[in-house]
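**Student:** Data: model17.cif, mmCIF, C-alpha atoms and all ligand atoms.
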```cif
data_model
#
loop_
_atom_site.label_atom_id
_atom_site.label_comp_id
_atom_site.auth_asym_id
_atom_site.auth_seq_id
_atom_site.Cartn_x
_atom_site.Cartn_y
_atom_site.Cartn_z
CA MET A 1 0.00 0.00 0.00
CA ILE A 2 1.55 3.33 -1.08
CA PRO A 3 -0.24 6.58 -0.21
CA PHE A 4 -0.30 9.49 -2.64
CA VAL A 5 0.11 12.54 -0.39
CA SER A 6 -0.80 15.87 -1.95
CA ARG A 7 -2.52 19.18 -1.37
CA ALA A 8 -3.77 19.12 -4.98
CA ASP A 9 -7.50 18.84 -5.52
CA LEU A 10 -9.06 15.37 -5.69
CA ALA A 11 -9.41 15.46 -9.49
CA GLU A 12 -5.66 16.09 -9.94
CA GLN A 13 -4.82 13.46 -7.32
CA SER A 14 -6.90 10.84 -9.11
CA ILE A 15 -5.12 11.58 -12.42
CA TRP A 16 -1.78 10.96 -10.72
CA ILE A 17 -3.03 7.80 -9.00
CA LYS A 18 -4.33 6.51 -12.35
CA HIS A 19 -0.94 7.01 -14.07
CA LEU A 20 1.08 5.70 -11.13
CA SER A 21 -1.12 2.60 -10.81
CA ALA A 22 -0.77 1.90 -14.55
CA ALA A 23 3.03 2.18 -14.27
CA MET A 24 3.25 -0.22 -11.27
CA PRO A 25 0.22 -2.54 -11.32
CA GLU A 26 1.81 -4.70 -8.60
CA GLU A 27 1.41 -1.82 -6.07
CA VAL A 28 -1.79 -0.46 -4.54
CA ILE A 29 -1.70 3.34 -4.60
CA VAL A 30 -4.35 5.21 -2.63
CA PRO A 31 -5.04 8.81 -1.62
CA PHE A 32 -3.59 9.56 1.82
CA ALA A 33 -7.10 10.30 3.10
CA ASP A 34 -8.13 6.66 2.45
CA LEU A 35 -5.46 5.09 4.68
CA THR A 36 -6.68 3.24 7.78
CA PRO A 37 -4.73 3.83 11.05
CA GLU A 38 -3.10 0.40 10.65
CA GLN A 39 -2.04 1.16 7.06
CA LYS A 40 -0.59 4.48 8.27
CA ARG A 41 1.53 2.60 10.78
CA GLN A 42 2.92 0.29 8.07
CA CYS A 43 3.71 2.57 5.12
CA ASP A 44 7.42 2.72 4.28
CA ILE A 45 7.10 4.71 1.03
CA ALA A 46 4.88 7.64 0.02
CA ILE A 47 4.54 9.32 -3.36
CA VAL A 48 4.10 13.07 -2.97
CA ALA A 49 3.13 16.22 -4.88
CA ASN A 50 3.22 19.26 -2.61
CA PRO A 51 2.28 17.22 0.49
CA ASP A 52 0.99 18.54 3.78
CA PRO A 53 4.04 17.92 6.05
CA ASN A 54 1.74 16.82 8.91
CA ASP A 55 0.41 13.98 6.75
CA LEU A 56 3.95 12.69 6.22
CA LEU A 57 4.81 13.07 9.90
CA SER A 58 1.80 10.87 10.75
CA LEU A 59 3.47 7.87 9.00
CA PRO A 60 5.84 6.42 11.65
CA SER A 61 7.46 3.72 9.44
CA LEU A 62 8.17 6.03 6.49
CA GLN A 63 11.65 5.37 5.01
CA TRP A 64 11.46 7.62 1.98
CA VAL A 65 9.14 9.74 -0.14
CA HIS A 66 9.27 10.07 -3.91
CA SER A 67 8.23 13.45 -5.26
CA VAL A 68 6.65 13.55 -8.72
CA TRP A 69 8.21 17.01 -9.11
CA ALA A 70 11.82 17.98 -9.79
CA GLY A 71 11.76 20.92 -7.34
CA VAL A 72 11.30 19.94 -3.69
CA GLU A 73 12.21 23.27 -2.10
CA ARG A 74 8.87 23.78 -0.39
CA MET A 75 8.89 20.32 1.18
CA MET A 76 12.50 20.78 2.34
CA ASN A 77 11.53 24.08 3.90
CA GLU A 78 8.40 22.80 5.61
CA LEU A 79 10.02 19.61 6.98
CA SER A 80 13.04 20.93 8.84
CA SER A 81 14.79 17.61 9.62
CA PRO A 82 12.65 14.68 8.51
CA SER A 83 13.64 11.15 9.60
CA PHE A 84 12.89 9.87 6.07
CA SER A 85 14.72 10.49 2.77
CA ILE A 86 13.33 12.72 0.03
CA VAL A 87 13.77 11.61 -3.58
CA ARG A 88 12.92 14.12 -6.27
CA LEU A 89 11.97 13.45 -9.88
CA VAL A 90 14.92 13.25 -12.25
CA ASP A 91 13.36 12.91 -15.69
CA ALA A 92 15.39 13.27 -18.89
CA LYS A 93 12.13 14.25 -20.66
CA LEU A 94 11.65 17.12 -18.20
CA ALA A 95 15.18 18.34 -18.89
CA GLU A 96 14.32 18.29 -22.63
CA THR A 97 11.15 20.29 -21.95
CA MET A 98 13.07 22.82 -19.87
CA SER A 99 15.81 23.15 -22.47
CA GLU A 100 13.14 23.84 -25.11
CA ALA A 101 11.71 26.63 -22.93
CA VAL A 102 15.20 28.04 -22.29
CA LEU A 103 15.91 28.06 -26.04
CA ALA A 104 12.51 29.57 -26.91
CA TRP A 105 12.78 32.47 -24.46
CA THR A 106 16.48 33.02 -25.16
CA LEU A 107 15.57 33.43 -28.85
CA TYR A 108 12.73 35.77 -27.84
CA LEU A 109 15.24 38.02 -26.10
CA HIS A 110 18.03 37.48 -28.62
CA ARG A 111 15.83 38.54 -31.58
CA ASP A 112 14.57 41.63 -29.66
CA MET A 113 10.94 40.54 -29.69
CA PRO A 114 10.01 42.65 -26.61
CA SER A 115 11.35 45.80 -28.34
CA TYR A 116 9.57 45.08 -31.63
CA ALA A 117 6.29 44.46 -29.77
CA LYS A 118 6.67 47.88 -28.11
CA GLN A 119 7.51 49.46 -31.49
CA GLN A 120 4.41 47.96 -33.11
CA ALA A 121 2.21 49.41 -30.36
CA GLN A 122 3.64 52.84 -31.32
CA LYS A 123 3.53 52.17 -35.11
CA SER A 124 7.29 52.74 -35.10
CA TRP A 125 9.36 51.36 -38.02
CA PHE A 126 12.90 51.06 -36.73
CA GLN A 127 15.42 48.33 -37.53
CA LYS A 128 17.73 47.61 -34.61
CA PRO A 129 21.24 46.41 -35.46
CA MET A 130 21.24 42.63 -35.87
CA VAL A 131 23.32 40.70 -33.31
CA ARG A 132 24.45 37.25 -34.44
CA ALA A 133 23.91 34.27 -32.11
CA GLN A 134 27.67 33.80 -31.94
CA ASP A 135 27.97 37.31 -30.46
CA ARG A 136 25.19 36.91 -27.85
CA ARG A 137 26.70 35.60 -24.64
CA ILE A 138 24.46 33.40 -22.50
CA GLY A 139 25.14 32.69 -18.81
CA VAL A 140 23.39 29.75 -17.15
CA LEU A 141 23.23 29.63 -13.34
CA GLY A 142 23.00 25.99 -12.21
CA LEU A 143 24.51 23.14 -14.22
CA GLY A 144 22.44 20.29 -12.78
CA GLU A 145 19.90 18.07 -14.52
CA LEU A 146 18.17 21.04 -16.16
CA GLY A 147 21.02 23.54 -16.53
CA ARG A 148 23.37 21.08 -18.22
CA VAL A 149 20.92 20.01 -20.94
CA SER A 150 19.76 23.61 -21.46
CA SER A 151 23.36 24.84 -21.83
CA GLN A 152 24.10 22.16 -24.40
CA ARG A 153 20.98 23.04 -26.38
CA LEU A 154 22.04 26.69 -26.44
CA VAL A 155 25.52 25.71 -27.62
CA ALA A 156 23.94 23.57 -30.38
CA ASN A 157 22.07 26.69 -31.50
CA GLY A 158 25.24 28.72 -31.96
CA PHE A 159 25.38 30.74 -28.72
CA PRO A 160 28.54 31.13 -26.66
CA VAL A 161 27.50 29.68 -23.28
CA ALA A 162 29.01 29.98 -19.82
CA GLY A 163 27.63 28.14 -16.80
CA TRP A 164 27.96 28.36 -13.03
CA SER A 165 27.71 25.66 -10.40
CA ARG A 166 28.86 25.00 -6.87
CA HIS A 167 31.49 22.42 -7.80
CA GLU A 168 33.94 22.62 -10.67
CA LYS A 169 32.51 21.08 -13.86
CA GLN A 170 33.46 20.23 -17.42
CA ILE A 171 30.74 20.35 -20.06
CA GLU A 172 31.71 20.24 -23.72
CA GLY A 173 31.30 23.63 -25.38
CA VAL A 174 30.38 25.39 -22.12
CA GLU A 175 32.76 27.68 -20.24
CA CYS A 176 32.30 26.50 -16.67
CA PHE A 177 32.66 28.71 -13.59
CA HIS A 178 32.13 27.94 -9.92
CA GLY A 179 32.19 29.65 -6.54
CA GLU A 180 31.58 33.33 -5.70
CA GLU A 181 34.51 34.53 -7.79
CA GLY A 182 33.25 32.46 -10.74
CA LEU A 183 29.80 34.04 -10.42
CA ALA A 184 31.20 37.57 -10.76
CA LEU A 185 33.24 36.56 -13.82
CA LEU A 186 30.20 34.93 -15.46
CA LEU A 187 27.84 37.83 -14.76
CA LYS A 188 30.28 40.39 -16.21
CA GLN A 189 30.30 38.56 -19.56
CA THR A 190 26.58 37.68 -19.84
CA ASP A 191 24.06 39.27 -22.21
CA ILE A 192 21.21 36.88 -21.35
CA LEU A 193 21.22 35.29 -17.90
CA VAL A 194 19.24 32.06 -17.37
CA CYS A 195 18.57 31.00 -13.78
CA LEU A 196 18.21 27.24 -13.15
CA LEU A 197 19.41 27.08 -9.53
CA PRO A 198 17.54 25.34 -6.72
CA LEU A 199 16.22 27.58 -3.94
CA THR A 200 18.42 27.06 -0.87
CA PRO A 201 19.55 29.34 1.98
CA GLU A 202 22.59 30.20 -0.22
CA THR A 203 20.68 31.00 -3.40
CA LYS A 204 17.80 32.92 -1.77
CA GLY A 205 18.17 36.56 -2.87
CA LEU A 206 21.36 35.70 -4.79
CA LEU A 207 20.37 37.94 -7.71
CA ASP A 208 20.39 41.12 -5.64
CA GLN A 209 21.42 44.70 -6.46
CA GLN A 210 25.12 43.86 -6.16
CA HIS A 211 25.07 40.79 -8.42
CA LEU A 212 22.63 42.27 -10.97
CA SER A 213 24.95 45.30 -11.21
CA LEU A 214 27.70 43.05 -12.56
CA LEU A 215 25.68 42.30 -15.71
CA PRO A 216 26.53 44.49 -18.71
CA ILE A 217 24.14 47.42 -19.31
CA GLY A 218 21.20 46.21 -21.43
CA ALA A 219 21.50 42.55 -20.39
CA SER A 220 18.34 40.54 -19.83
CA LEU A 221 17.26 37.77 -17.52
CA ILE A 222 15.23 34.57 -17.56
CA ASN A 223 14.18 32.97 -14.25
CA PHE A 224 12.84 29.43 -14.63
CA ALA A 225 13.99 28.24 -11.19
CA ARG A 226 12.33 29.72 -8.08
CA GLY A 227 11.08 33.29 -7.45
CA PRO A 228 12.94 34.11 -4.21
CA ILE A 229 16.34 33.66 -5.91
CA ILE A 230 15.73 37.15 -7.34
CA ASP A 231 15.49 40.27 -5.20
CA ASP A 232 12.37 41.71 -6.87
CA GLU A 233 13.01 45.26 -5.72
CA ALA A 234 16.56 45.20 -7.11
CA LEU A 235 15.33 43.81 -10.45
CA LEU A 236 12.56 46.41 -10.76
CA ASN A 237 15.11 49.10 -9.99
CA LYS A 238 17.49 47.87 -12.70
CA LEU A 239 14.65 47.72 -15.26
CA GLU A 240 13.42 51.16 -14.24
CA TYR A 241 16.82 52.74 -14.99
CA ASP A 242 17.26 50.70 -18.21
CA GLU A 243 20.34 49.01 -16.77
CA LEU A 244 18.65 45.73 -17.62
CA SER A 245 16.46 45.55 -20.73
CA HIS A 246 13.98 42.74 -20.03
CA ALA A 247 13.11 39.92 -17.63
CA VAL A 248 11.21 36.74 -18.47
CA LEU A 249 9.85 35.38 -15.20
CA ASP A 250 8.10 32.03 -14.82
CA VAL A 251 8.40 31.75 -11.04
CA PHE A 252 7.62 34.16 -8.23
CA ALA A 253 7.96 34.50 -4.46
CA GLN A 254 4.16 34.21 -4.30
CA GLU A 255 2.25 32.12 -6.85
CA PRO A 256 -0.13 32.90 -8.42
CA LEU A 257 1.47 36.33 -8.76
CA PRO A 258 -0.74 38.75 -6.75
CA GLU A 259 -2.96 40.96 -8.93
CA ASN A 260 -1.39 44.18 -7.67
CA HIS A 261 2.20 43.09 -8.30
CA PRO A 262 4.17 45.60 -10.44
CA TYR A 263 5.48 42.80 -12.69
CA TRP A 264 2.03 42.31 -14.27
CA CYS A 265 1.93 45.66 -16.03
CA HIS A 266 5.66 46.28 -16.48
CA ASP A 267 6.46 46.58 -20.17
CA SER A 268 9.96 45.18 -19.61
CA VAL A 269 8.73 42.05 -17.85
CA THR A 270 7.19 38.92 -19.36
CA VAL A 271 5.10 37.09 -16.77
CA LEU A 272 4.60 33.36 -17.29
CA PRO A 273 2.41 31.23 -14.97
CA HIS A 274 5.07 28.65 -13.95
CA ILE A 275 4.91 26.74 -17.24
CA SER A 276 8.51 26.39 -18.39
CA ALA A 277 8.77 22.66 -17.58
CA PRO A 278 5.59 21.01 -16.33
CA THR A 279 5.95 17.44 -15.11
CA ASN A 280 4.58 14.88 -17.55
CA PRO A 281 2.52 12.40 -15.47
CA VAL A 282 3.23 9.48 -17.84
CA SER A 283 7.03 9.75 -17.95
CA ALA A 284 7.17 10.79 -14.27
CA SER A 285 5.07 7.78 -13.22
CA ASP A 286 7.37 5.42 -15.15
CA ILE A 287 10.40 6.83 -13.35
CA VAL A 288 8.75 6.64 -9.91
CA ALA A 289 7.66 3.05 -10.69
CA ARG A 290 11.20 2.02 -11.70
CA ASN A 291 12.67 3.50 -8.52
CA ILE A 292 10.08 1.79 -6.30
CA GLN A 293 10.45 -1.56 -8.09
CA GLN A 294 14.23 -1.33 -7.61
CA TYR A 295 13.78 -0.56 -3.90
CA ARG A 296 11.41 -3.52 -3.44
CA LEU A 297 13.92 -5.76 -5.18
CA THR A 298 17.18 -4.61 -3.57
CA GLY A 299 16.27 -2.43 -0.58
CA ASN A 300 18.35 0.37 -2.19
CA LEU A 301 16.97 3.90 -2.28
CA PRO A 302 17.49 6.07 -5.38
CA PRO A 303 19.80 9.09 -4.84
CA ALA A 304 18.07 11.36 -2.29
CA VAL A 305 18.15 15.11 -1.75
CA ASP A 306 21.06 16.15 0.48
CA LYS A 307 19.23 17.63 3.49
CA ARG A 308 22.29 19.64 4.59
CA ARG A 309 22.94 21.48 1.30
CA GLY A 310 19.21 21.67 0.49
CA TYR A 311 19.10 20.22 -3.05
P1 LIG A 401 19.93 20.00 -9.71
O1 LIG A 401 20.16 18.86 -10.63
O2 LIG A 401 19.94 19.76 -8.25
O3 LIG A 401 21.05 21.10 -10.08
C1 LIG A 401 21.24 22.25 -9.32
C2 LIG A 401 22.45 23.00 -9.88
O4 LIG A 401 22.58 24.22 -9.14
C3 LIG A 401 23.76 22.23 -9.69
O5 LIG A 401 24.61 22.42 -10.79
C4 LIG A 401 24.38 22.88 -8.45
O6 LIG A 401 25.77 22.86 -8.40
C5 LIG A 401 23.90 24.32 -8.62
N1 LIG A 401 23.91 25.01 -7.32
C6 LIG A 401 23.13 24.76 -6.24
N2 LIG A 401 23.45 25.60 -5.23
C7 LIG A 401 24.46 26.38 -5.70
C8 LIG A 401 25.22 27.43 -5.14
N3 LIG A 401 25.02 27.85 -3.88
N4 LIG A 401 26.17 28.00 -5.89
C9 LIG A 401 26.40 27.57 -7.18
N5 LIG A 401 25.71 26.58 -7.76
C10 LIG A 401 24.75 25.99 -7.03
O7 LIG A 401 18.56 20.73 -10.05
P2 LIG A 401 17.73 20.71 -11.44
O8 LIG A 401 17.00 19.43 -11.60
O9 LIG A 401 18.63 21.16 -12.54
O10 LIG A 401 16.61 21.82 -11.13
C11 LIG A 401 16.94 23.16 -10.77
C12 LIG A 401 15.72 23.88 -10.26
O11 LIG A 401 14.82 24.13 -11.34
C13 LIG A 401 14.85 23.09 -9.28
O12 LIG A 401 15.39 23.12 -7.98
C14 LIG A 401 13.53 23.81 -9.39
O13 LIG A 401 13.51 24.87 -8.47
C15 LIG A 401 13.54 24.41 -10.79
N6 LIG A 401 12.49 23.85 -11.65
C16 LIG A 401 11.61 24.70 -12.22
C17 LIG A 401 10.61 24.23 -13.06
C18 LIG A 401 9.65 25.18 -13.72
O14 LIG A 401 8.68 24.71 -14.38
N7 LIG A 401 9.81 26.47 -13.63
C19 LIG A 401 10.51 22.85 -13.32
C20 LIG A 401 11.43 22.01 -12.73
C21 LIG A 401 12.42 22.51 -11.89
P3 LIG A 401 26.61 21.48 -8.26
O15 LIG A 401 26.34 20.74 -9.56
O16 LIG A 401 28.01 21.93 -8.15
O17 LIG A 401 26.06 20.76 -7.07
#
```
Give the structure from this file in structure tokens form.

**Tutor:**
Amino acid sequence: MIPFVSRADLAEQSIWIKHLSAAMPEEVIVPFADLTPEQKRQCDIAIVANPDPNDLLSLPSLQWVHSVWAGVERMMNELSSPSFSIVRLVDAKLAETMSEAVLAWTLYLHRDMPSYAKQQAQKSWFQKPMVRAQDRRIGVLGLGELGRVSSQRLVANGFPVAGWSRHEKQIEGVECFHGEEGLALLLKQTDILVCLLPLTPETKGLLDQQHLSLLPIGASLINFARGPIIDDEALLNKLEYDELSHAVLDVFAQEPLPENHPYWCHDSVTVLPHISAPTNPVSASDIVARNIQQYRLTGNLPPAVDKRRGY
């Protein structure tokens, strides 16, 4: 018996349970609410999608939870030091989806689409100088599952790409930086900055006034990671003074973005409703099923989130 623990509405929960059950017919997957007290005492695994932490804490035998999402920041934050391991979704298909979004919105900025949309509204016929892809420098923050594939896709499309991670890395065609010093070097040479970092105590507010000021004048920004990595006030200030030209934001400190938030009506901000890389329930369920089958067979857990570093 494996509970599906989620704050999603019942309709969404039953879609997940349908896909998960199809991927592992040998398991019985039920909504958390249907567990009897005895079943709660026995569960060693739970599958989760934005779970209520109290539900998980009511399962005394829990060894590990498998999230159907790649980002588990909220769960990590709400469960300060859980006794069980947290496994997040690592799905090559999701990395493909994210890299497609990164390429699409990089091209949007690279080919000056925000400026031409503004010009059309003013019936202005003005041809900006063309910048070739090879002269548009892209900086990718985070070279993990999503950042690595996205960087490679940008390289394949002719952009010079630099990336930043915590540890030193080597990725073909990508100039790799790491550490605080590496961040400053990358920002100074970036025309379009793509953020694919996890939200941790170290990355919260990382893109503040000081770091944004290192970007060349006129640079632009894409945030597909988590809202609180950006200091909103600092970003609005940079856009206001034309030090940065445009921001494409898919994630926000509060979601949905509140109606009165200045981003909504800012003509140098593109607001997206957290759609850059939605989880695909079919491929995600297959991956969760494989990991659970492996655990049942060998007792080995898949690689879990490092609770100390937060990702
Ligand atoms: P990941 O595989 O854990 O990779 C994280 C990367 O960030 C790693 O390269 C890591 O460096 C780097 N990093 C972490 N902390 C750092 C620090 N303090 N300084 C420098 N580098 C640091 O994560 P992922 O699967 O690529 O996902 C990244 C994030 O994308 C998720 O956490 C989630 O928030 C977001 N996401 C968004 C959507 C969406 O639809 N908008 C969908 C899925 C995921 P090392 O490699 O050196 O450890």

**Student:** Output the neighbourhood of ligand LIG 401 (chain A) as a PyMOL selection string, that is, all protein and nucleic acid residues with some atom at most 9 Å from the ligand, counting all atoms listed in the file.

**Tutor:** chain A and resi 69-73+88-91+94-95+98+141-149+163-169+178-180+183+195-203+206+223-227+250-251+273-279+305+309-311

**Student:** Name the residues in contact with Trp105 (chain A) at a cut-off of 8 Å, using only C-alpha atoms, excluding same-chain residues fewer than 3 positions from it; report them as a PDB file with C-alpha atoms, in the coordinates of the input.

**Tutor:**
```pdb
ATOM      1  CA  ALA A 101      11.710  26.630 -22.930  1.00  0.00           C
ATOM      2  CA  VAL A 102      15.200  28.040 -22.290  1.00  0.00           C
ATOM      3  CA  TYR A 108      12.730  35.770 -27.840  1.00  0.00           C
ATOM      4  CA  LEU A 109      15.240  38.020 -26.100  1.00  0.00           C
ATOM      5  CA  ILE A 222      15.230  34.570 -17.560  1.00  0.00           C
ATOM      6  CA  VAL A 248      11.210  36.740 -18.470  1.00  0.00           C
TER       7      VAL A 248
END
```

**Student:** Go ahead and compute the interatomic distance for CA of Met75 (chain A) and CA of Asp286 (chain A), in Å to one decimal.

**Tutor:**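 According to the coordinates, CA of Met75 (chain A) and CA of Asp286 (chain A) are separated by 22.2 Å.
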
**Student:** Counting all atoms listed in the file, which residues of region 67-142 of chain A fall within 10 Å of region 242-247 of chain A, and what is the closest atom pair for each with its distance in Å at one decimal, ordered by chain and rising number, as JSON lines?

**Tutor:**
```
{"residue": "A:Leu109", "atom": "CA", "partner": "A:His246", "partner_atom": "CA", "distance": 7.8}
{"residue": "A:Asp112", "atom": "CA", "partner": "A:His246", "partner_atom": "CA", "distance": 9.7}
{"residue": "A:Pro114", "atom": "CA", "partner": "A:His246", "partner_atom": "CA", "distance": 7.7}
{"residue": "A:Ser115", "atom": "CA", "partner": "A:Ser245", "partner_atom": "CA", "distance": 9.2}
```

**Student:** Give the answer as one residue: which of A:Ile15, A:Ala304, A:Ile192, A:Ala234 has the shortest atom-to-atom distance to Gly218 (chain A), using all atoms listed in the file?

**Tutor:**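 Counting all atoms listed in the file, the residue closest to Gly218 (chain A) is A:Ile192.
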
**Student:** In Å to one decimal, how far is CA of Ile86 (chain A) from CA of Leu10 (chain A)?

**Tutor:** 23.3 Å

**Student:** For a test of reading the model, state the distance in Å between CA of Leu56 (chain A) and CA of Thr36 (chain A), rounded to one decimal.

**Tutor:** 14.3 Å

**Student:** Considering only C-alpha atoms, return as a PyMOL selection string whatever protein or nucleic-acid residues lie within 9 Å of Trp16 (chain A), sequence-local ones (same chain, fewer than 3 positions apart) excluded.

**Tutor:** chain A and resi 4+11-13+19-21+281-282+285

**Student:** Could you check which of A:Asn237, A:Thr190, A:Thr97, A:Ser85 is closest to Asp306 (chain A), using all atoms listed in the file?

**Tutor:**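 Among A:Asn237, A:Thr190, A:Thr97, A:Ser85, it is A:Ser85 that comes nearest to Asp306 (chain A).
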
**Student:** Which is closer to Ser81 (chain A) than all the others in A:Arg308, A:Val161, A:Gly173, A:Ser124, using all atoms listed in the file?

**Tutor:**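 Ranking A:Arg308, A:Val161, A:Gly173, A:Ser124 by distance to Ser81 (chain A), first place goes to A:Arg308.
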
**Student:** So, with only C-alpha atoms as the atoms that count, which of A:Ile2, A:Met24, A:Pro60, A:Ala49 lies closest to Gln294 (chain A)?

**Tutor:**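 Between A:Ile2, A:Met24, A:Pro60, A:Ala49, the residue approaching Gln294 (chain A) most closely is A:Met24.
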
**Student:** Calculated over only C-alpha atoms, which of the candidates A:Glu96, A:Glu175, A:Glu78, A:Asp208 has the smallest distance to Arg153 (chain A)?

**Tutor:**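 Among A:Glu96, A:Glu175, A:Glu78, A:Asp208, it is A:Glu96 that comes nearest to Arg153 (chain A).
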
**Student:** Would you mind listing what lies within 8 Å of Trp64 (chain A) as a list in words, with only C-alpha atoms counted and same-chain residues fewer than 6 positions away left out?

**Tutor:**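 So, after excluding close chain neighbours, the residues are Asp44, Ile45, Ala46, Phe84, Ser85, Ile86, Val87 and Leu301 of chain A.
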
**Student:** For each of A:Leu235, A:Ala133, A:Cys43, A:Val68, take the minimum atom-to-atom distance to Ile17 (chain A), counting all atoms listed in the file, then give the residue where this is smallest.

**Tutor:**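 Closest to Ile17 (chain A), using all atoms listed in the file: A:Val68.
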
**Student:** With 6 Å as the threshold, what does the neighbourhood of (27.5, 41.9, -12.3) contain in terms of residues, counting all atoms listed in the file? Coordinates are those of the file; answer as a list in words.

**Tutor:**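 Output: Ala184, Leu187, Lys188, His211, Leu212, Ser213, Leu214 and Leu215 of chain A.
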
**Student:** Neighbours of Trp264 (chain A) within 12 Å (all atoms listed in the file; same-chain residues fewer than 2 positions away dropped), as a ChimeraX atom specification?

**Tutor:** /A:236,247-250,252,256-262,266-273

**Student:** Set the distance at 9 Å and use all atoms listed in the file: which residues neighbour Pro82 (chain A) once local chain neighbours fewer than 4 positions away are removed? I'd like the list as a ChimeraX atom specification.

**Tutor:** /A:57,76,86,307

**Student:** Generate a file for region 199-253 of chain A, containing C-alpha atoms, as a compact mmCIF listing (two decimals), in the first residue's frame.

**Tutor:**
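So part34.txt came out as:
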```txt
# COMPACT_ATOMS: atom_id res chain seq x y z
CA LEU A 199 16.22 27.58 -3.94
CA THR A 200 18.42 27.06 -0.87
CA PRO A 201 19.55 29.34 1.98
CA GLU A 202 22.59 30.20 -0.22
CA THR A 203 20.68 31.00 -3.40
CA LYS A 204 17.80 32.92 -1.77
CA GLY A 205 18.17 36.56 -2.87
CA LEU A 206 21.36 35.70 -4.79
CA LEU A 207 20.37 37.94 -7.71
CA ASP A 208 20.39 41.12 -5.64
CA GLN A 209 21.42 44.70 -6.46
CA GLN A 210 25.12 43.86 -6.16
CA HIS A 211 25.07 40.79 -8.42
CA LEU A 212 22.63 42.27 -10.97
CA SER A 213 24.95 45.30 -11.21
CA LEU A 214 27.70 43.05 -12.56
CA LEU A 215 25.68 42.30 -15.71
CA PRO A 216 26.53 44.49 -18.71
CA ILE A 217 24.14 47.42 -19.31
CA GLY A 218 21.20 46.21 -21.43
CA ALA A 219 21.50 42.55 -20.39
CA SER A 220 18.34 40.54 -19.83
CA LEU A 221 17.26 37.77 -17.52
CA ILE A 222 15.23 34.57 -17.56
CA ASN A 223 14.18 32.97 -14.25
CA PHE A 224 12.84 29.43 -14.63
CA ALA A 225 13.99 28.24 -11.19
CA ARG A 226 12.33 29.72 -8.08
CA GLY A 227 11.08 33.29 -7.45
CA PRO A 228 12.94 34.11 -4.21
CA ILE A 229 16.34 33.66 -5.91
CA ILE A 230 15.73 37.15 -7.34
CA ASP A 231 15.49 40.27 -5.20
CA ASP A 232 12.37 41.71 -6.87
CA GLU A 233 13.01 45.26 -5.72
CA ALA A 234 16.56 45.20 -7.11
CA LEU A 235 15.33 43.81 -10.45
CA LEU A 236 12.56 46.41 -10.76
CA ASN A 237 15.11 49.10 -9.99
CA LYS A 238 17.49 47.87 -12.70
CA LEU A 239 14.65 47.72 -15.26
CA GLU A 240 13.42 51.16 -14.24
CA TYR A 241 16.82 52.74 -14.99
CA ASP A 242 17.26 50.70 -18.21
CA GLU A 243 20.34 49.01 -16.77
CA LEU A 244 18.65 45.73 -17.62
CA SER A 245 16.46 45.55 -20.73
CA HIS A 246 13.98 42.74 -20.03
CA ALA A 247 13.11 39.92 -17.63
CA VAL A 248 11.21 36.74 -18.47
CA LEU A 249 9.85 35.38 -15.20
CA ASP A 250 8.10 32.03 -14.82
CA VAL A 251 8.40 31.75 -11.04
CA PHE A 252 7.62 34.16 -8.23
CA ALA A 253 7.96 34.50 -4.46
```
